[in-house]
Amino acid sequence: MRVPHPALTGGVAGGAEAPRSYGQALADALLTRGAIPGGAVRVLEIGAGLGYLARDVIARLREAGREVRYTLVELSPALAAAQRARLAGAGVSWVVGDVLAVALDGPFDVILANEMAGDLPARQLTRADVGLTADGGTTDRDRLRTVSPTAADLGIAIDDAPEPFYLQTGAIEMVTRIAGWLAPGGTAVITEFGAVNAWPRLSTQLDHPELSTHFGILLQAARAAGLTAGVEFVIDLLGFDRTLQGLATTRSHFRALRALADSAGIDLAKIGYTPELLGEAFGDKLDVAQVGELRWEKIEDRLMGLVPHEFKALICTRP
Ligand SMILES: C[S@@+](CC[C@H](N)C(=O)[O-])C[C@H]1O[C@@H](n2cnc3c(N)ncnc32)[C@H](O)[C@@H]1O
């Protein structure tokens, strides 16, 4: 949804308002909630991919009359180079390194970590590793400390862990670092796919295996670190129009569709297609109605290879 998207019209069914990109919709949500102070705003984005979110958040906040100081922490030098190219002249500064290791000049009024927490290290453990028995027991904090000193210090409750289980040590650590970087009154938004009370499972929603996120654990970490925190559906946060249909693809299906488009002289970008967007991409070179095997589903349930309603946002504020 890096392009202005018909599902992001501000929650108005039928799309009565102008389509917005994901970044524009996220900035609007923060503005609407009063999470953006007037005047100068210090924004930190962690793990910025190709830089589209940064581009649109910066532009939207400037349109809203804010002076934006934007810092990006990015692990991958190659992605940092792509971000620099996309954001040239936007007044962004970079810290290239691991969010779990870098030192930053905070504080920040807004911190964004969009779909990157699942990339952070996690440990696969047995219940016995943390002093639990197969059907009960209480976590042994000293044993937990050998795996994650932060989880142990914060008193994170994991007695209900399945056998075996993944502990998202990196994401827990990042939440405490974010707590340290947030200015009083500041807001952090951490999005990923996962659920409040489901332990991480390996997923292939993306083109590489990745763990889903246990938001209940991150919620505990945020609160224990002194933040006010809650978890919301990303589609609600952004005011997703749930009445639309989205293209449901598998990786091989999309490759085939792309090859078909290529044979008609169309470079088919990987975006979340609605019938309207696919029609625009095809132009007069291909007819959507003539392409076989296109499966359309309720957009909140399926969009390309993703399940939009599985994406959640941990929203934290520093009192
Ligand atoms: C799945 S991409 C998401 C990109 C972007 N936020 C978006 O929503 O399009 C994950 C991003 O986080 C970065 N990343 C992963 N681990 C990181 C770490 N430990 N520190 C900083 N950045 C990290 C990756 O290099 C990549 O830019």
# chains A, B, ... in the order shown; residues from 1 in each chain; ligands from 1

call {"tool": "closest_atom_pairs", "arguments": {"of": "chain A", "to": "ligand 1", "cutoff": "8 Å", "atoms": "only C-alpha atoms and all ligand atoms", "output": "JSON lines"}}
result
{"residue": "A:Glu45", "atom": "CA", "partner": "ligand 1", "partner_atom_place_in_ligand_line": "6 (N)", "distance": 7.8}
{"residue": "A:Ile46", "atom": "CA", "partner": "ligand 1", "partner_atom_place_in_ligand_line": "22 (N)", "distance": 5.7}
{"residue": "A:Gly47", "atom": "CA", "partner": "ligand 1", "partner_atom_place_in_ligand_line": "12 (O)", "distance": 3.2}
{"residue": "A:Ala48", "atom": "CA", "partner": "ligand 1", "partner_atom_place_in_ligand_line": "6 (N)", "distance": 4.0}
{"residue": "A:Gly49", "atom": "CA", "partner": "ligand 1", "partner_atom_place_in_ligand_line": "27 (O)", "distance": 3.3}
{"residue": "A:Leu50", "atom": "CA", "partner": "ligand 1", "partner_atom_place_in_ligand_line": "9 (O)", "distance": 6.4}
{"residue": "A:Gly51", "atom": "CA", "partner": "ligand 1", "partner_atom_place_in_ligand_line": "5 (C)", "distance": 6.9}
{"residue": "A:Tyr52", "atom": "CA", "partner": "ligand 1", "partner_atom_place_in_ligand_line": "9 (O)", "distance": 6.7}
{"residue": "A:Leu53", "atom": "CA", "partner": "ligand 1", "partner_atom_place_in_ligand_line": "9 (O)", "distance": 6.3}
{"residue": "A:Val73", "atom": "CA", "partner": "ligand 1", "partner_atom_place_in_ligand_line": "21 (C)", "distance": 5.5}
{"residue": "A:Glu74", "atom": "CA", "partner": "ligand 1", "partner_atom_place_in_ligand_line": "22 (N)", "distance": 4.0}
{"residue": "A:Leu75", "atom": "CA", "partner": "ligand 1", "partner_atom_place_in_ligand_line": "21 (C)", "distance": 4.0}
{"residue": "A:Ser76", "atom": "CA", "partner": "ligand 1", "partner_atom_place_in_ligand_line": "25 (O)", "distance": 4.6}
{"residue": "A:Leu79", "atom": "CA", "partner": "ligand 1", "partner_atom_place_in_ligand_line": "27 (O)", "distance": 6.1}
{"residue": "A:Ala80", "atom": "CA", "partner": "ligand 1", "partner_atom_place_in_ligand_line": "27 (O)", "distance": 7.7}
{"residue": "A:Val96", "atom": "CA", "partner": "ligand 1", "partner_atom_place_in_ligand_line": "21 (C)", "distance": 7.6}
{"residue": "A:Gly97", "atom": "CA", "partner": "ligand 1", "partner_atom_place_in_ligand_line": "21 (C)", "distance": 5.9}
{"residue": "A:Asp98", "atom": "CA", "partner": "ligand 1", "partner_atom_place_in_ligand_line": "20 (N)", "distance": 3.6}
{"residue": "A:Val99", "atom": "CA", "partner": "ligand 1", "partner_atom_place_in_ligand_line": "20 (N)", "distance": 3.9}
{"residue": "A:Leu100", "atom": "CA", "partner": "ligand 1", "partner_atom_place_in_ligand_line": "19 (N)", "distance": 6.0}
{"residue": "A:Ala113", "atom": "CA", "partner": "ligand 1", "partner_atom_place_in_ligand_line": "6 (N)", "distance": 6.2}
{"residue": "A:Asn114", "atom": "CA", "partner": "ligand 1", "partner_atom_place_in_ligand_line": "6 (N)", "distance": 4.2}
{"residue": "A:Glu115", "atom": "CA", "partner": "ligand 1", "partner_atom_place_in_ligand_line": "3 (C)", "distance": 4.9}
{"residue": "A:Met116", "atom": "CA", "partner": "ligand 1", "partner_atom_place_in_ligand_line": "10 (C)", "distance": 4.2}
{"residue": "A:Ala117", "atom": "CA", "partner": "ligand 1", "partner_atom_place_in_ligand_line": "16 (N)", "distance": 7.4}
{"residue": "A:Asp119", "atom": "CA", "partner": "ligand 1", "partner_atom_place_in_ligand_line": "16 (N)", "distance": 5.2}
{"residue": "A:Leu120", "atom": "CA", "partner": "ligand 1", "partner_atom_place_in_ligand_line": "16 (N)", "distance": 5.5}
{"residue": "A:Gly170", "atom": "CA", "partner": "ligand 1", "partner_atom_place_in_ligand_line": "19 (N)", "distance": 8.0}

call {"tool": "write_last_selection", "arguments": {"atoms": "C-alpha atoms", "output": "compact mmCIF listing (two decimals), in the first residue's frame"}}
result
# COMPACT_ATOMS: atom_id res chain seq x y z
CA GLU A 45 11.81 5.24 12.21
CA ILE A 46 13.38 1.84 12.83
CA GLY A 47 13.94 -0.46 9.84
CA ALA A 48 12.72 1.59 6.89
CA GLY A 49 12.87 -0.86 3.95
CA LEU A 50 12.73 1.07 0.70
CA GLY A 51 11.80 4.34 2.43
CA TYR A 52 8.23 4.75 1.15
CA LEU A 53 6.74 5.02 4.64
CA VAL A 73 17.90 3.44 12.03
CA GLU A 74 18.60 0.83 9.36
CA LEU A 75 20.52 -2.41 9.66
CA SER A 76 21.09 -3.03 5.97
CA LEU A 79 18.56 -0.59 2.05
CA ALA A 80 20.03 2.53 3.66
CA VAL A 96 23.17 2.53 9.98
CA GLY A 97 23.29 -0.30 12.49
CA ASP A 98 21.32 -2.69 14.67
CA VAL A 99 18.49 -1.07 16.63
CA LEU A 100 19.46 -3.33 19.54
CA ALA A 113 8.78 0.38 13.72
CA ASN A 114 6.70 -0.92 10.85
CA GLU A 115 6.80 -4.62 10.10
CA MET A 116 10.31 -5.17 11.38
CA ALA A 117 9.92 -6.61 14.92
CA ASP A 119 13.04 -9.72 11.88
CA LEU A 120 14.63 -9.39 15.32
CA GLY A 170 15.01 -8.98 20.31

call {"tool": "select_by_dssp", "arguments": {"residues": "stretch 71-262 of chain A", "states": "helix (DSSP H, G or I)", "output": "ChimeraX atom specification"}}
result
/A:77-86,117-119,127-130,141-147,149-154,169-181,215-224,234-237,251-262

call {"tool": "select_by_dssp", "arguments": {"residues": "stretch 122-311 of chain A", "states": "strand (DSSP E or B)", "output": "ChimeraX atom specification"}}
result
/A:123-125,133,136,165-167,182-195,202-203,210-211,213-214,228-233,245-248,295-298,303-304,306,311

call {"tool": "closest_residue", "arguments": {"among": "A:Phe165, A:Arg255, A:Ala54, A:Ala222", "to": "A:Leu202", "atoms": "only C-alpha atoms"}}
result
A:Phe165

call {"tool": "atom_distance", "arguments": {"atom1": "atom CA of A:Gly246", "atom2": "atom CA of A:Asp287"}}
result
17.1 Å

call {"tool": "residues_around", "arguments": {"residues": "stretch 229-232 of chain A", "least_positions_apart": "3", "cutoff": "12 Å", "atoms": "only C-alpha atoms", "output": "PyMOL selection string"}}
result
chain A and resi 175+179+186-197+213-226+235-239+309-319

call {"tool": "write_last_selection", "arguments": {"atoms": "C-alpha atoms", "output": "short mmCIF file (atom, residue, chain, number, x, y, z; two decimals), in the first residue's frame"}}
result
data_model
loop_
_atom_site.label_atom_id
_atom_site.label_comp_id
_atom_site.auth_asym_id
_atom_site.auth_seq_id
_atom_site.Cartn_x
_atom_site.Cartn_y
_atom_site.Cartn_z
CA VAL A 175 10.43 -2.18 23.25
CA ALA A 179 10.70 3.33 26.06
CA GLY A 186 5.56 10.77 22.82
CA THR A 187 3.96 7.91 20.89
CA ALA A 188 5.45 4.73 19.43
CA VAL A 189 3.77 2.47 16.88
CA ILE A 190 5.13 -1.05 16.39
CA THR A 191 3.32 -3.09 13.75
CA GLU A 192 3.71 -6.73 12.78
CA PHE A 193 1.53 -9.72 12.04
CA GLY A 194 0.49 -11.66 15.10
CA ALA A 195 -2.01 -11.60 17.94
CA VAL A 196 -2.34 -10.49 21.55
CA ASN A 197 -2.50 -13.96 23.00
CA THR A 213 4.54 -11.65 16.98
CA HIS A 214 3.12 -12.33 20.44
CA PHE A 215 1.72 -8.85 21.11
CA GLY A 216 0.70 -9.77 24.65
CA ILE A 217 4.37 -10.22 25.57
CA LEU A 218 5.33 -6.90 23.96
CA LEU A 219 2.41 -5.23 25.73
CA GLN A 220 3.72 -6.53 29.06
CA ALA A 221 7.22 -5.29 28.18
CA ALA A 222 5.94 -1.82 27.26
CA ARG A 223 3.89 -1.46 30.44
CA ALA A 224 6.69 -2.79 32.63
CA ALA A 225 9.00 -0.23 30.99
CA GLY A 226 6.67 2.56 32.14
CA ILE A 235 -6.74 -2.07 9.48
CA ASP A 236 -8.70 -0.21 12.17
CA LEU A 237 -5.86 2.18 12.95
CA LEU A 238 -5.64 3.17 9.29
CA GLY A 239 -9.40 3.25 8.64
CA HIS A 309 -6.47 -8.55 9.63
CA GLU A 310 -3.51 -10.45 11.12
CA PHE A 311 -1.47 -7.23 11.31
CA LYS A 312 -1.58 -5.53 14.69
CA ALA A 313 -0.16 -2.31 16.09
CA LEU A 314 1.29 -1.92 19.56
CA ILE A 315 0.68 1.74 20.36
CA CYS A 316 2.65 3.08 23.30
CA THR A 317 2.77 6.50 24.87
CA ARG A 318 5.09 7.88 27.50
CA PRO A 319 3.01 9.62 30.18
#

call {"tool": "closest_residue", "arguments": {"among": "A:Gly155, A:Ile266, A:Pro200, A:Gly23", "to": "A:Ala59", "atoms": "only C-alpha atoms"}}
result
A:Gly23

call {"tool": "atom_distance", "arguments": {"atom1": "atom CA of A:Arg84", "atom2": "atom CA of A:Leu44"}}
result
15.3 Å

call {"tool": "residues_around", "arguments": {"residues": "A:Ala269", "least_positions_apart": "6", "cutoff": "10 Å", "atoms": "only C-alpha atoms", "output": "PDB file with N, CA and C atoms, in the first residue's frame"}}
result
ATOM      1  N   ARG A 258       2.642 -11.672 -13.458  1.00  0.00           N
ATOM      2  CA  ARG A 258       3.631 -10.677 -13.865  1.00  0.00           C
ATOM      3  C   ARG A 258       4.190 -11.000 -15.260  1.00  0.00           C
ATOM      4  N   LEU A 278      -5.853  -2.955 -10.471  1.00  0.00           N
ATOM      5  CA  LEU A 278      -5.330  -3.847 -11.518  1.00  0.00           C
ATOM      6  C   LEU A 278      -5.765  -3.330 -12.889  1.00  0.00           C
ATOM      7  N   ALA A 281      -3.466  -0.602 -13.823  1.00  0.00           N
ATOM      8  CA  ALA A 281      -2.141  -1.100 -14.212  1.00  0.00           C
ATOM      9  C   ALA A 281      -2.190  -1.724 -15.611  1.00  0.00           C
TER      10      ALA A 281
END

call {"tool": "residues_around", "arguments": {"residues": "A:Arg60", "least_positions_apart": "4", "cutoff": "8 Å", "atoms": "only C-alpha atoms", "output": "list of chain:residue names"}}
result
A:Gln24, A:Ala27, A:Asp28, A:Asp56, A:Ala64

call {"tool": "closest_residue", "arguments": {"among": "A:Val43, A:Leu132, A:Ala161, A:Leu125", "to": "A:Ser93", "atoms": "only C-alpha atoms"}}
result
A:Val43

call {"tool": "residues_around", "arguments": {"residues": "A:Val3", "least_positions_apart": "3", "cutoff": "8 Å", "atoms": "only C-alpha atoms", "output": "list of chain:residue names"}}
result
A:Arg20, A:Ser21, A:Tyr22, A:Ile271

call {"tool": "closest_residue", "arguments": {"among": "A:Trp94, A:Phe282, A:Phe108, A:Phe233", "to": "A:Pro184", "atoms": "only C-alpha atoms"}}
result
A:Phe108

call {"tool": "residues_around", "arguments": {"residues": "A:Pro19", "least_positions_apart": "4", "cutoff": "6 Å", "atoms": "only C-alpha atoms", "output": "count of residues only"}}
result
5

call {"tool": "closest_residue", "arguments": {"among": "A:Ala7, A:Ile178, A:Ile158, A:Ala289", "to": "A:Gln245", "atoms": "only C-alpha atoms"}}
result
A:Ala7
